file protein14.txt (compact mmCIF, C-alpha atoms and all ligand atoms)
# COMPACT_ATOMS: atom_id res chain seq x y z
CA MET A 1 0.00 0.00 0.00
CA ASN A 2 2.77 2.43 0.95
CA LYS A 3 4.80 2.66 -2.24
CA GLU A 4 1.74 2.55 -4.44
CA SER A 5 0.07 5.40 -2.55
CA GLN A 6 3.21 7.49 -2.55
CA LYS A 7 3.59 7.07 -6.30
CA LYS A 8 -0.02 8.13 -6.82
CA SER A 9 0.16 11.29 -4.73
CA GLY A 10 3.84 12.22 -5.15
CA ARG A 11 3.68 13.84 -1.67
CA THR A 12 4.90 12.63 1.69
CA ARG A 13 2.96 15.10 3.83
CA GLY A 14 0.39 17.86 3.59
CA GLN A 15 -2.13 20.10 5.30
CA PHE A 16 -5.51 18.44 5.26
CA VAL A 17 -9.00 18.64 6.63
CA ALA A 18 -9.92 15.43 8.40
CA ARG A 19 -13.32 14.46 9.70
CA VAL A 20 -13.87 12.92 13.13
CA ALA A 21 -15.04 9.32 12.64
CA ALA A 22 -15.05 8.41 16.32
CA GLN A 23 -14.12 9.72 19.75
CA LEU A 24 -13.64 6.82 22.16
CA GLN A 25 -12.72 6.56 25.82
CA ARG A 26 -9.48 4.61 26.36
CA GLY A 27 -8.70 3.60 29.92
CA GLU A 28 -9.86 5.98 32.64
CA HIS A 29 -8.06 9.11 31.46
CA HIS A 30 -7.37 8.84 27.74
CA ARG A 31 -9.26 9.17 24.50
CA ALA A 32 -8.82 7.80 21.02
CA LEU A 33 -9.79 10.04 18.14
CA VAL A 34 -10.23 8.34 14.80
CA LEU A 35 -9.90 10.75 11.88
CA SER A 36 -11.13 10.05 8.39
CA PHE A 37 -9.09 11.23 5.38
CA CYS A 38 -10.38 11.16 1.81
CA GLY A 39 -8.95 11.50 -1.68
CA GLU A 40 -5.39 12.81 -1.88
CA SER A 41 -5.12 13.17 1.89
CA ALA A 42 -5.96 9.46 2.18
CA GLU A 43 -3.16 8.58 -0.24
CA VAL A 44 -0.67 10.63 1.79
CA MET A 45 -1.76 9.44 5.23
CA ALA A 46 -1.69 5.83 4.06
CA CYS A 47 2.11 6.26 3.79
CA ALA A 48 2.56 7.25 7.45
CA GLU A 49 5.17 5.28 9.35
CA PRO A 50 5.17 4.23 13.00
CA GLY A 51 6.83 6.93 15.10
CA GLN A 52 5.62 9.77 12.88
CA PHE A 53 3.18 12.35 14.22
CA VAL A 54 0.60 14.87 13.09
CA GLN A 55 0.38 18.57 14.00
CA VAL A 56 -3.22 19.21 15.03
CA ALA A 57 -4.78 22.68 14.88
CA CYS A 58 -6.85 22.50 18.05
CA ARG A 59 -9.19 25.31 17.09
CA ASP A 60 -12.33 26.07 15.15
CA ILE A 61 -11.60 25.47 11.46
CA SER A 62 -13.98 28.21 10.32
CA ARG A 63 -12.47 30.90 12.60
CA PRO A 64 -8.75 29.98 12.77
CA ARG A 65 -7.52 33.45 13.77
CA MET A 66 -10.20 34.08 16.36
CA SER A 67 -9.66 30.98 18.45
CA VAL A 68 -6.89 29.62 20.68
CA PRO A 69 -4.50 27.88 20.99
CA GLN A 70 -2.67 29.25 17.96
CA LEU A 71 0.14 26.71 18.02
CA ARG A 72 -0.61 23.27 16.67
CA ARG A 73 -0.19 20.30 19.03
CA PRO A 74 1.96 17.31 18.00
CA ILE A 75 0.32 13.92 18.56
CA SER A 76 1.75 10.53 17.56
CA ILE A 77 -0.04 8.43 15.01
CA SER A 78 -1.23 5.26 16.73
CA GLY A 79 -2.79 3.49 13.78
CA VAL A 80 -3.57 3.87 10.08
CA SER A 81 -6.02 1.66 8.27
CA GLU A 82 -8.68 1.47 5.60
CA ASP A 83 -10.52 -1.02 7.78
CA PRO A 84 -12.44 0.75 10.57
CA ILE A 85 -12.62 -2.47 12.58
CA ALA A 86 -8.81 -2.57 12.80
CA LEU A 87 -8.95 0.76 14.65
CA GLY A 88 -11.66 -0.33 17.06
CA LEU A 89 -14.73 0.96 15.16
CA GLY A 90 -17.77 -0.73 13.70
CA ASN A 91 -18.34 -1.01 9.96
CA GLY A 92 -20.85 1.84 9.80
CA HIS A 93 -18.13 4.49 10.03
CA CYS A 94 -17.24 4.61 6.33
CA ARG A 95 -18.09 7.81 4.49
CA ASP A 96 -20.16 7.69 1.32
CA GLY A 97 -18.89 9.11 -1.95
CA CYS A 98 -15.44 9.97 -0.64
CA GLY A 99 -13.39 7.66 -2.87
CA ARG A 100 -10.55 6.07 -0.99
CA GLU A 101 -10.92 6.60 2.75
CA VAL A 102 -8.09 6.11 5.22
CA MET A 103 -8.56 6.31 8.97
CA VAL A 104 -5.90 7.57 11.34
CA ARG A 105 -6.09 7.02 15.09
CA ILE A 106 -4.50 9.28 17.68
CA ILE A 107 -4.65 8.68 21.44
CA TYR A 108 -4.34 11.55 23.88
CA ARG A 109 -4.75 12.62 27.46
CA VAL A 110 -6.39 15.94 28.28
CA HIS A 111 -3.51 18.14 29.48
CA GLY A 112 -4.45 21.71 28.62
CA PRO A 113 -6.41 23.84 26.11
CA GLY A 114 -5.41 21.91 22.97
CA THR A 115 -6.32 18.42 24.11
CA ASN A 116 -9.36 19.79 25.93
CA TRP A 117 -10.59 21.22 22.62
CA LEU A 118 -9.96 17.85 20.95
CA ALA A 119 -12.03 16.10 23.60
CA HIS A 120 -15.03 18.24 22.61
CA GLN A 121 -14.98 17.35 18.91
CA ALA A 122 -17.94 15.18 17.97
CA VAL A 123 -18.28 12.72 15.11
CA GLY A 124 -18.54 14.63 11.81
CA GLU A 125 -16.56 17.71 12.98
CA GLU A 126 -13.64 18.81 10.81
CA ILE A 127 -10.07 19.22 12.06
CA ASP A 128 -7.09 20.82 10.32
CA ILE A 129 -4.09 18.45 10.36
CA ILE A 130 -0.54 18.64 9.01
CA GLY A 131 1.19 15.32 8.58
CA PRO A 132 2.54 12.77 8.63
CA LEU A 133 5.65 14.46 10.07
CA GLY A 134 9.10 13.43 11.27
CA ARG A 135 11.07 10.23 10.84
CA GLY A 136 9.64 7.03 12.19
CA PHE A 137 11.17 3.79 13.47
CA ASN A 138 13.61 1.95 11.29
CA LEU A 139 11.74 -1.34 10.88
CA PRO A 140 13.93 -4.46 10.57
CA LYS A 141 14.33 -5.83 7.05
CA ASP A 142 14.83 -9.37 8.31
CA LYS A 143 11.49 -10.94 9.23
CA ASP A 144 13.18 -13.14 11.82
CA THR A 145 14.35 -10.17 13.90
CA ARG A 146 12.72 -10.08 17.32
CA VAL A 147 11.34 -6.69 18.34
CA ILE A 148 10.36 -5.48 21.81
CA LEU A 149 7.99 -2.49 21.84
CA ILE A 150 8.09 -0.52 25.09
CA GLY A 151 5.54 2.21 25.74
CA GLY A 152 5.16 4.22 28.94
CA GLY A 153 2.05 6.29 29.64
CA VAL A 154 0.96 8.15 26.54
CA GLY A 155 4.09 6.80 24.78
CA LEU A 156 2.23 3.57 24.11
CA PRO A 157 0.17 4.71 21.05
CA PRO A 158 3.05 4.61 18.50
CA MET A 159 3.75 1.05 19.69
CA PHE A 160 0.30 -0.09 18.53
CA PHE A 161 1.08 1.28 15.08
CA SER A 162 4.55 -0.34 15.13
CA ALA A 163 3.02 -3.70 16.05
CA ASP A 164 0.56 -3.47 13.14
CA ARG A 165 3.29 -2.59 10.63
CA LEU A 166 5.72 -5.25 11.89
CA LYS A 167 2.99 -7.84 11.52
CA ARG A 168 2.21 -6.65 7.99
CA ASN A 169 5.93 -6.91 7.16
CA GLY A 170 5.92 -10.54 8.31
CA CYS A 171 7.73 -10.11 11.64
CA SER A 172 6.12 -12.56 14.02
CA ASP A 173 8.36 -12.32 17.10
CA VAL A 174 7.11 -9.06 18.56
CA LEU A 175 6.54 -8.41 22.26
CA GLY A 176 4.84 -5.37 23.79
CA ILE A 177 5.70 -4.01 27.22
CA ALA A 178 3.23 -1.39 28.44
CA GLY A 179 4.00 0.62 31.55
CA ALA A 180 2.10 3.10 33.70
CA ALA A 181 2.15 4.29 37.29
CA THR A 182 -1.12 2.58 38.04
CA ARG A 183 -3.91 0.65 36.33
CA GLY A 184 -6.04 3.74 35.60
CA LEU A 185 -3.23 5.44 33.67
CA PHE A 186 -2.89 2.95 30.81
CA CYS A 187 -4.00 4.68 27.63
CA CYS A 188 -5.64 1.59 26.17
CA ASP A 189 -8.53 -0.76 26.66
CA LEU A 190 -7.58 -3.42 29.20
CA LEU A 191 -9.95 -6.21 28.32
CA ASN A 192 -9.52 -8.53 31.29
CA GLU A 193 -7.89 -8.77 34.65
CA ALA A 194 -4.20 -9.59 34.39
CA ASP A 195 -3.06 -10.76 37.76
CA GLY A 196 0.40 -12.04 37.15
CA ILE A 197 3.27 -11.47 34.77
CA GLU A 198 2.71 -14.76 32.95
CA ASP A 199 -1.03 -14.22 32.70
CA ALA A 200 -0.46 -10.84 31.12
CA LEU A 201 1.41 -12.44 28.25
CA VAL A 202 -1.59 -13.69 26.33
CA PRO A 203 -1.43 -12.43 22.72
CA GLY A 204 -3.72 -9.47 22.23
CA LYS A 205 -5.89 -10.45 25.16
CA TYR A 206 -5.36 -7.67 27.63
CA VAL A 207 -4.80 -4.68 25.38
CA ARG A 208 -7.42 -4.21 22.68
CA GLU A 209 -5.10 -2.09 20.50
CA PHE A 210 -2.52 -4.90 20.29
CA GLY A 211 -5.31 -7.31 19.27
CA PRO A 212 -5.23 -6.85 15.45
CA SER A 213 -1.49 -7.62 15.38
CA ASN A 214 -1.93 -10.39 17.95
CA THR A 215 1.00 -9.01 19.92
CA PRO A 216 1.59 -10.52 23.35
CA VAL A 217 1.90 -7.80 25.93
CA LEU A 218 3.42 -7.57 29.33
CA LEU A 219 1.74 -4.99 31.55
CA ALA A 220 3.86 -3.27 34.19
CA ALA A 221 2.29 -0.99 36.79
CA ASP A 222 4.56 0.74 39.32
CA ASP A 223 2.06 0.06 42.11
CA GLY A 224 1.26 -3.52 41.03
CA SER A 225 -2.43 -2.71 40.48
CA ILE A 226 -2.30 -4.80 37.29
CA GLY A 227 0.27 -7.15 35.72
CA PHE A 228 3.90 -6.97 36.83
CA LYS A 229 4.67 -4.80 39.85
CA GLY A 230 7.46 -2.46 38.81
CA ASN A 231 8.62 -0.34 35.90
CA VAL A 232 9.14 -1.33 32.28
CA VAL A 233 12.90 -1.82 32.66
CA GLN A 234 12.40 -4.23 35.57
CA ALA A 235 9.76 -6.05 33.54
CA LEU A 236 12.11 -6.24 30.54
CA ASP A 237 14.99 -7.48 32.72
CA GLY A 238 12.80 -10.20 34.28
CA TYR A 239 11.50 -11.27 30.89
CA LEU A 240 14.98 -11.55 29.37
CA LYS A 241 16.20 -13.64 32.32
CA ARG A 242 13.47 -16.17 31.59
CA ASN A 243 13.69 -15.88 27.78
CA GLU A 244 17.37 -15.67 26.85
CA GLN A 245 16.60 -15.92 23.10
CA TRP A 246 15.09 -12.41 23.28
CA ARG A 247 18.45 -10.82 24.22
CA SER A 248 19.15 -10.30 20.51
CA ALA A 249 15.90 -8.34 20.06
CA GLU A 250 15.75 -4.75 18.84
CA VAL A 251 14.00 -2.37 21.21
CA PHE A 252 11.64 0.46 20.22
CA ALA A 253 10.64 2.76 23.09
CA CYS A 254 8.44 5.80 23.63
CA GLY A 255 7.47 7.48 26.89
CA PRO A 256 8.63 10.04 29.43
CA LYS A 257 12.30 11.03 29.29
CA PRO A 258 13.38 9.31 32.57
CA MET A 259 11.89 6.06 31.28
CA LEU A 260 13.60 6.42 27.90
CA ARG A 261 16.92 7.16 29.55
CA ALA A 262 16.59 4.03 31.74
CA VAL A 263 15.65 1.88 28.73
CA ALA A 264 18.57 3.34 26.74
CA ASN A 265 21.04 2.61 29.58
CA PHE A 266 19.72 -0.92 29.99
CA CYS A 267 20.03 -1.63 26.26
CA GLN A 268 23.54 -0.23 26.15
CA GLU A 269 24.62 -2.39 29.12
CA HIS A 270 23.10 -5.46 27.45
CA SER A 271 24.31 -4.65 23.91
CA MET A 272 20.79 -4.37 22.52
CA ASN A 273 19.94 -1.99 19.66
CA CYS A 274 17.44 0.59 20.81
CA GLN A 275 15.48 3.34 19.02
CA VAL A 276 13.64 5.94 21.08
CA CYS A 277 10.78 8.20 20.08
CA LEU A 278 11.37 11.55 21.82
CA GLU A 279 9.03 14.35 22.81
CA SER A 280 9.90 18.01 23.07
CA TYR A 281 8.10 21.32 23.05
CA MET A 282 7.30 22.15 19.45
CA GLY A 283 6.49 25.32 17.60
CA CYS A 284 6.27 24.65 13.88
CA GLY A 285 6.76 20.85 13.72
CA ILE A 286 8.49 21.14 10.34
CA GLY A 287 12.10 22.11 11.10
CA VAL A 288 11.83 25.91 10.91
CA CYS A 289 11.60 27.42 14.41
CA GLN A 290 14.38 25.36 16.13
CA SER A 291 12.36 25.09 19.35
CA CYS A 292 12.60 21.30 19.54
CA ALA A 293 16.40 20.82 19.51
CA VAL A 294 17.90 17.94 21.53
CA ALA A 295 21.58 17.39 22.26
CA MET A 296 23.41 14.41 20.81
CA ARG A 297 26.51 12.74 22.23
CA SER A 298 29.85 13.85 20.88
CA GLU A 299 31.95 10.88 19.86
CA GLY A 300 35.64 10.17 19.29
CA LYS A 301 37.63 13.20 18.19
CA ASP A 302 34.45 15.30 18.23
CA ARG A 303 34.40 15.15 22.05
CA GLU A 304 35.93 18.60 22.44
CA SER A 305 33.90 20.27 19.70
CA PRO A 306 30.63 22.14 20.37
CA LYS A 307 27.57 20.01 21.07
CA LYS A 308 25.57 18.70 18.16
CA TYR A 309 21.86 19.26 18.20
CA ARG A 310 19.11 17.57 16.25
CA LEU A 311 15.52 18.67 15.72
CA VAL A 312 12.96 16.31 17.20
CA CYS A 313 10.36 17.31 14.60
CA ALA A 314 12.51 16.90 11.50
CA HIS A 315 15.46 14.60 12.32
CA GLY A 316 13.34 12.59 14.77
CA PRO A 317 11.22 12.05 16.74
CA VAL A 318 12.88 8.62 16.49
CA PHE A 319 16.61 8.48 17.27
CA ASP A 320 19.20 5.83 17.96
CA ALA A 321 19.17 5.74 21.80
CA ALA A 322 22.95 5.42 21.93
CA LYS A 323 23.38 8.77 20.16
CA VAL A 324 21.18 10.87 22.47
CA ASP A 325 22.94 12.90 25.17
CA TRP A 326 20.69 11.91 28.08
CA ASP A 327 22.50 14.19 30.54
CA ALA A 328 22.12 17.42 28.52
C1 LIG A 401 6.30 14.06 18.75
C2 LIG A 401 5.27 14.20 19.85
C3 LIG A 401 4.27 13.27 19.95
C4 LIG A 401 3.29 13.40 20.96
N1 LIG A 401 2.31 12.46 21.03
C5 LIG A 401 1.35 12.58 21.96
C6 LIG A 401 0.30 11.61 22.02
O1 LIG A 401 0.26 10.63 21.25
N2 LIG A 401 -0.66 11.79 22.95
C7 LIG A 401 -0.62 12.87 23.84
O2 LIG A 401 -1.54 12.97 24.67
N3 LIG A 401 0.35 13.77 23.81
C8 LIG A 401 1.34 13.66 22.89
N4 LIG A 401 2.33 14.60 22.84
C9 LIG A 401 2.35 15.69 23.83
C10 LIG A 401 1.37 16.80 23.44
O3 LIG A 401 1.71 17.35 22.19
C11 LIG A 401 1.45 17.91 24.48
O4 LIG A 401 1.09 17.39 25.74
C12 LIG A 401 0.57 19.11 24.13
O5 LIG A 401 1.20 20.25 24.65
C13 LIG A 401 -0.81 19.09 24.71
O6 LIG A 401 -1.43 20.34 24.41
P1 LIG A 401 -2.43 21.04 25.44
O7 LIG A 401 -2.78 22.37 24.88
O8 LIG A 401 -3.55 20.11 25.75
O9 LIG A 401 -1.59 21.20 26.76
P2 LIG A 401 -0.48 22.32 27.06
O10 LIG A 401 -1.15 23.47 27.74
O11 LIG A 401 0.32 22.58 25.85
O12 LIG A 401 0.40 21.54 28.09
C14 LIG A 401 -0.13 20.98 29.28
C15 LIG A 401 1.02 20.51 30.14
O13 LIG A 401 1.87 19.59 29.44
C16 LIG A 401 3.22 20.08 29.42
N5 LIG A 401 3.77 19.78 28.07
C17 LIG A 401 3.35 20.29 26.91
N6 LIG A 401 4.05 19.78 25.87
C18 LIG A 401 4.93 18.91 26.41
C19 LIG A 401 5.92 18.07 25.85
N7 LIG A 401 6.16 17.99 24.53
N8 LIG A 401 6.65 17.31 26.70
C20 LIG A 401 6.42 17.37 28.03
N9 LIG A 401 5.47 18.13 28.61
C21 LIG A 401 4.74 18.90 27.81
C22 LIG A 401 3.11 21.57 29.66
O14 LIG A 401 4.26 22.08 30.31
C23 LIG A 401 1.92 21.65 30.57
O15 LIG A 401 2.27 21.39 31.91
C24 LIG A 401 3.34 14.49 21.87
C25 LIG A 401 4.36 15.43 21.76
C26 LIG A 401 5.32 15.29 20.77
C27 LIG A 401 6.41 16.30 20.66
S1 LIG A 402 9.25 22.43 16.16
FE1 LIG A 402 10.03 24.04 14.92
S2 LIG A 402 11.98 23.24 14.37
FE2 LIG A 402 11.09 21.58 15.44
call {"tool": "encode", "arguments": {"input": "protein14.txt", "output": "structure tokens", "more": "lines below"}}
Ligand SMILES: Cc1cc2nc3c(=O)[nH]c(=O)nc-3n(C[C@H](O)[C@H](O)[C@H](O)COP(=O)(O)OP(=O)(O)OC[C@H]3O[C@@H](n4cnc5c(N)ncnc54)[C@H](O)[C@@H]3O)c2cc1C
Ligand code: FES
result
Amino acid sequence: MNKESQKKSGRTRGQFVARVAAQLQRGEHHRALVLSFCGESAEVMACAEPGQFVQVACRDISRPRMSVPQLRRPISISGVSEDPIALGLGNGHCRDGCGREVMVRIIYRVHGPGTNWLAHQAVGEEIDIIGPLGRGFNLPKDKDTRVILIGGGVGLPPMFFSADRLKRNGCSDVLGIAGAATRGLFCCDLLNEADGIEDALVPGKYVREFGPSNTPVLLAADDGSIGFKGNVVQALDGYLKRNEQWRSAEVFACGPKPMLRAVANFCQEHSMNCQVCLESYMGCGIGVCQSCAVAMRSEGKDRESPKKYRLVCAHGPVFDAAKVDWDA
């Protein structure tokens, strides 16, 4: 689908009007917004890659200059599909007479004015979107590569998209590790009780969004209110001790910076390749304003030279974890 769509449209991103196809509660504090794209916008959004994001204008489309907030809000893409059922909807969500329709799911938590505005958009409302933006995860070319997807808090959504794409590419050894402080803070639908670490590892059973890719998932709650009691790094460590063959896996991670730093350190100590999806404050989202710069490690003879910075919006948000300067 990707290459074909790209050839048809000749564009990799754009500014589009999307229509709300669904607004769903996810967990106690999060929402999933499914956006419908038609025509050329559908061709472009179909090419989105896991790890990429959209810049959402969280304001009235008919009065853009009158309403706040003026800055767009970056939100990760958590799923792209032509099949509404794959994104947790019923069949009746397809639009008539729109040609090719592609649905894009984003998952968010209400933080401030932007996400609060999003939470009030009903089915049928129109939203101005720029995307897909940034560079996504480098997916393994070898189908036999094992991949561990680690998502903390609202860093989990890009992992659902990664799981779907890895499955489509034929990778079957994929494991999800989802972490949150407590049960109510998971940004997904927990379908059943998961009392123990082993019980939580039933493919697709406990997290609805991992269902279509049939990805087994290990839930880790800091307070032990569901799944493994502890953080995602402790859960990963325990899993690898019992499943040595997974030590060669590649790790994709997204979540709060302290979590990403801990995952990066763990992977470095255990010689595992790790890609991290970073967040930063963003102005433009397209590499112009420089507000999203992150420091990279200086290596070898570059050690004495001035720090190198990369833009999260344009060079990332996905980076090789070993290259990020976590202490900057
Ligand atoms: C690449 C990228 C992907 C993202 N994906 C998601 C996602 O999938 N779901 C989601 O809910 N959020 C995501 N975010 C974060 C989201 O863009 C911000 O939380 C946004 O500011 C919310 O807008 P608001 O107006 O509701 O809240 P604001 O008023 O802008 O912010 C509310 C609070 O969040 C803090 N904050 C704002 N932006 C950030 C940030 N980038 N990092 C840390 N703290 C911040 C502010 O200091 C403030 O305390 C992502 C951010 C980036 C850069
Ligand atoms: S947000 Fe403007 S350069 Fe990255």
call {"tool": "residues_around", "arguments": {"input": "protein14.txt", "residues": "region 151-168 of chain A", "least_positions_apart": "2", "cutoff": "7 Å", "atoms": "all atoms listed in the file", "output": "VMD selection string"}}
result
chain A and resid 50 to 51 76 to 79 107 to 108 149 170 to 172 177 to 180 185 to 187 209 to 210 213 215 253 to 256
call {"tool": "residues_near_ligand", "arguments": {"input": "protein14.txt", "ligand": "ligand LIG 401 (chain A)", "cutoff": "9 Å", "atoms": "all atoms listed in the file", "output": "short mmCIF file (atom, residue, chain, number, x, y, z; two decimals) with C-alpha atoms, in the coordinates of the input"}}
result
data_model
loop_
_atom_site.label_atom_id
_atom_site.label_comp_id
_atom_site.auth_asym_id
_atom_site.auth_seq_id
_atom_site.Cartn_x
_atom_site.Cartn_y
_atom_site.Cartn_z
CA HIS A 30 -7.37 8.84 27.74
CA ARG A 31 -9.26 9.17 24.50
CA GLY A 51 6.83 6.93 15.10
CA GLN A 52 5.62 9.77 12.88
CA PHE A 53 3.18 12.35 14.22
CA VAL A 54 0.60 14.87 13.09
CA GLN A 55 0.38 18.57 14.00
CA VAL A 56 -3.22 19.21 15.03
CA CYS A 58 -6.85 22.50 18.05
CA PRO A 69 -4.50 27.88 20.99
CA LEU A 71 0.14 26.71 18.02
CA ARG A 72 -0.61 23.27 16.67
CA ARG A 73 -0.19 20.30 19.03
CA PRO A 74 1.96 17.31 18.00
CA ILE A 75 0.32 13.92 18.56
CA SER A 76 1.75 10.53 17.56
CA ILE A 77 -0.04 8.43 15.01
CA SER A 78 -1.23 5.26 16.73
CA ILE A 106 -4.50 9.28 17.68
CA ILE A 107 -4.65 8.68 21.44
CA TYR A 108 -4.34 11.55 23.88
CA ARG A 109 -4.75 12.62 27.46
CA VAL A 110 -6.39 15.94 28.28
CA HIS A 111 -3.51 18.14 29.48
CA GLY A 112 -4.45 21.71 28.62
CA PRO A 113 -6.41 23.84 26.11
CA GLY A 114 -5.41 21.91 22.97
CA THR A 115 -6.32 18.42 24.11
CA ASN A 116 -9.36 19.79 25.93
CA TRP A 117 -10.59 21.22 22.62
CA LEU A 118 -9.96 17.85 20.95
CA LEU A 133 5.65 14.46 10.07
CA GLY A 134 9.10 13.43 11.27
CA VAL A 154 0.96 8.15 26.54
CA GLY A 155 4.09 6.80 24.78
CA LEU A 156 2.23 3.57 24.11
CA PRO A 157 0.17 4.71 21.05
CA PRO A 158 3.05 4.61 18.50
CA PRO A 256 8.63 10.04 29.43
CA LYS A 257 12.30 11.03 29.29
CA CYS A 277 10.78 8.20 20.08
CA LEU A 278 11.37 11.55 21.82
CA GLU A 279 9.03 14.35 22.81
CA SER A 280 9.90 18.01 23.07
CA TYR A 281 8.10 21.32 23.05
CA MET A 282 7.30 22.15 19.45
CA GLY A 285 6.76 20.85 13.72
CA CYS A 292 12.60 21.30 19.54
CA VAL A 312 12.96 16.31 17.20
CA CYS A 313 10.36 17.31 14.60
CA GLY A 316 13.34 12.59 14.77
CA PRO A 317 11.22 12.05 16.74
CA VAL A 318 12.88 8.62 16.49
#
call {"tool": "atom_distance", "arguments": {"input": "protein14.txt", "atom1": "CA of Ser298 (chain A)", "atom2": "CA of Phe319 (chain A)"}}
result
14.7 Å
call {"tool": "atom_distance", "arguments": {"input": "protein14.txt", "atom1": "CA of Val263 (chain A)", "atom2": "CA of Pro203 (chain A)"}}
result
23.1 Å
call {"tool": "closest_atom_pairs", "arguments": {"input": "protein14.txt", "of": "region 82-168 of chain A", "to": "region 41-44 of chain A", "cutoff": "12 Å", "atoms": "only C-alpha atoms", "output": "CSV"}}
result
residue,atom,partner,partner_atom,distance
A:Glu82,CA,A:Ala42,CA,9.1
A:Cys98,CA,A:Ala42,CA,9.9
A:Gly99,CA,A:Ala42,CA,9.2
A:Arg100,CA,A:Ala42,CA,6.5
A:Glu101,CA,A:Ala42,CA,5.8
A:Val102,CA,A:Ala42,CA,5.0
A:Met103,CA,A:Ala42,CA,7.9
A:Val104,CA,A:Ala42,CA,9.4
A:Asp128,CA,A:Ser41,CA,11.6
A:Ile129,CA,A:Ser41,CA,10.0
A:Ile130,CA,A:Ser41,CA,10.1
A:Gly131,CA,A:Val44,CA,8.5
A:Pro132,CA,A:Val44,CA,7.9
A:Leu133,CA,A:Val44,CA,11.1
call {"tool": "atom_distance", "arguments": {"input": "protein14.txt", "atom1": "CA of Gln23 (chain A)", "atom2": "CA of Glu126 (chain A)"}}
result
12.8 Å
call {"tool": "closest_residue", "arguments": {"input": "protein14.txt", "among": "A:Ala314, A:Leu35, A:Val80, A:Ile127", "to": "ligand LIG 402 (chain A)", "atoms": "all atoms listed in the file"}}
result
A:Ala314
call {"tool": "axis_aligned_box", "arguments": {"input": "protein14.txt", "around": "region 124-135 of chain A", "padding_each_side": "4 Å", "output": "JSON"}}
result
{"center_x": -3.7, "center_y": 15.5, "center_z": 10.8, "size_x": 37.6, "size_y": 18.6, "size_z": 12.4}
call {"tool": "residues_around", "arguments": {"input": "protein14.txt", "residues": "Asn265 (chain A)", "least_positions_apart": "4", "cutoff": "10 Å", "atoms": "only C-alpha atoms", "output": "VMD selection string"}}
result
chain A and resid 233 259 to 261 269 to 272 274 321 to 322 326
call {"tool": "closest_residue", "arguments": {"input": "protein14.txt", "among": "A:Cys284, A:Arg135, A:Ala295, A:His315", "to": "ligand LIG 402 (chain A)", "atoms": "all atoms listed in the file"}}
result
A:Cys284
call {"tool": "residues_near_point", "arguments": {"input": "protein14.txt", "point": "(-6.8, -1.6, 24.8)", "cutoff": "8 Å", "atoms": "only C-alpha atoms", "output": "VMD selection string"}}
result
chain A and resid 26 to 27 187 to 191 206 to 210
call {"tool": "build_atoms", "arguments": {"input": "protein14.txt", "residues": "region 37-49 of chain A", "atoms": "N, CA and C atoms", "output": "mmCIF file, keeping the file's coordinate frame"}}
result
data_model
loop_
_atom_site.group_PDB
_atom_site.id
_atom_site.type_symbol
_atom_site.label_atom_id
_atom_site.label_comp_id
_atom_site.auth_asym_id
_atom_site.auth_seq_id
_atom_site.Cartn_x
_atom_site.Cartn_y
_atom_site.Cartn_z
ATOM 1 N N PHE A 37 -9.710 10.448 6.463
ATOM 2 C CA PHE A 37 -9.090 11.230 5.380
ATOM 3 C C PHE A 37 -9.578 10.676 4.047
ATOM 4 N N CYS A 38 -9.871 11.589 3.108
ATOM 5 C CA CYS A 38 -10.380 11.160 1.810
ATOM 6 C C CYS A 38 -9.519 11.685 0.676
ATOM 7 N N GLY A 39 -9.613 11.014 -0.475
ATOM 8 C CA GLY A 39 -8.950 11.500 -1.680
ATOM 9 C C GLY A 39 -7.445 11.564 -1.518
ATOM 10 N N GLU A 40 -6.847 12.707 -1.915
ATOM 11 C CA GLU A 40 -5.390 12.810 -1.880
ATOM 12 C C GLU A 40 -4.856 12.679 -0.456
ATOM 13 N N SER A 41 -5.596 13.255 0.502
ATOM 14 C CA SER A 41 -5.120 13.170 1.890
ATOM 15 C C SER A 41 -5.061 11.708 2.336
ATOM 16 N N ALA A 42 -5.978 10.890 1.829
ATOM 17 C CA ALA A 42 -5.960 9.460 2.180
ATOM 18 C C ALA A 42 -4.705 8.795 1.618
ATOM 19 N N GLU A 43 -4.362 9.165 0.376
ATOM 20 C CA GLU A 43 -3.160 8.580 -0.240
ATOM 21 C C GLU A 43 -1.915 8.921 0.581
ATOM 22 N N VAL A 44 -1.860 10.184 1.042
ATOM 23 C CA VAL A 44 -0.670 10.630 1.790
ATOM 24 C C VAL A 44 -0.637 9.987 3.172
ATOM 25 N N MET A 45 -1.757 9.993 3.870
ATOM 26 C CA MET A 45 -1.760 9.440 5.230
ATOM 27 C C MET A 45 -1.548 7.934 5.230
ATOM 28 N N ALA A 46 -1.910 7.290 4.149
ATOM 29 C CA ALA A 46 -1.690 5.830 4.060
ATOM 30 C C ALA A 46 -0.196 5.500 4.125
ATOM 31 N N CYS A 47 0.647 6.496 3.800
ATOM 32 C CA CYS A 47 2.110 6.260 3.790
ATOM 33 C C CYS A 47 2.761 6.551 5.131
ATOM 34 N N ALA A 48 1.975 6.930 6.138
ATOM 35 C CA ALA A 48 2.560 7.250 7.450
ATOM 36 C C ALA A 48 3.311 6.046 8.000
ATOM 37 N N GLU A 49 4.373 6.351 8.754
ATOM 38 C CA GLU A 49 5.170 5.280 9.350
ATOM 39 C C GLU A 49 5.080 5.359 10.871
#
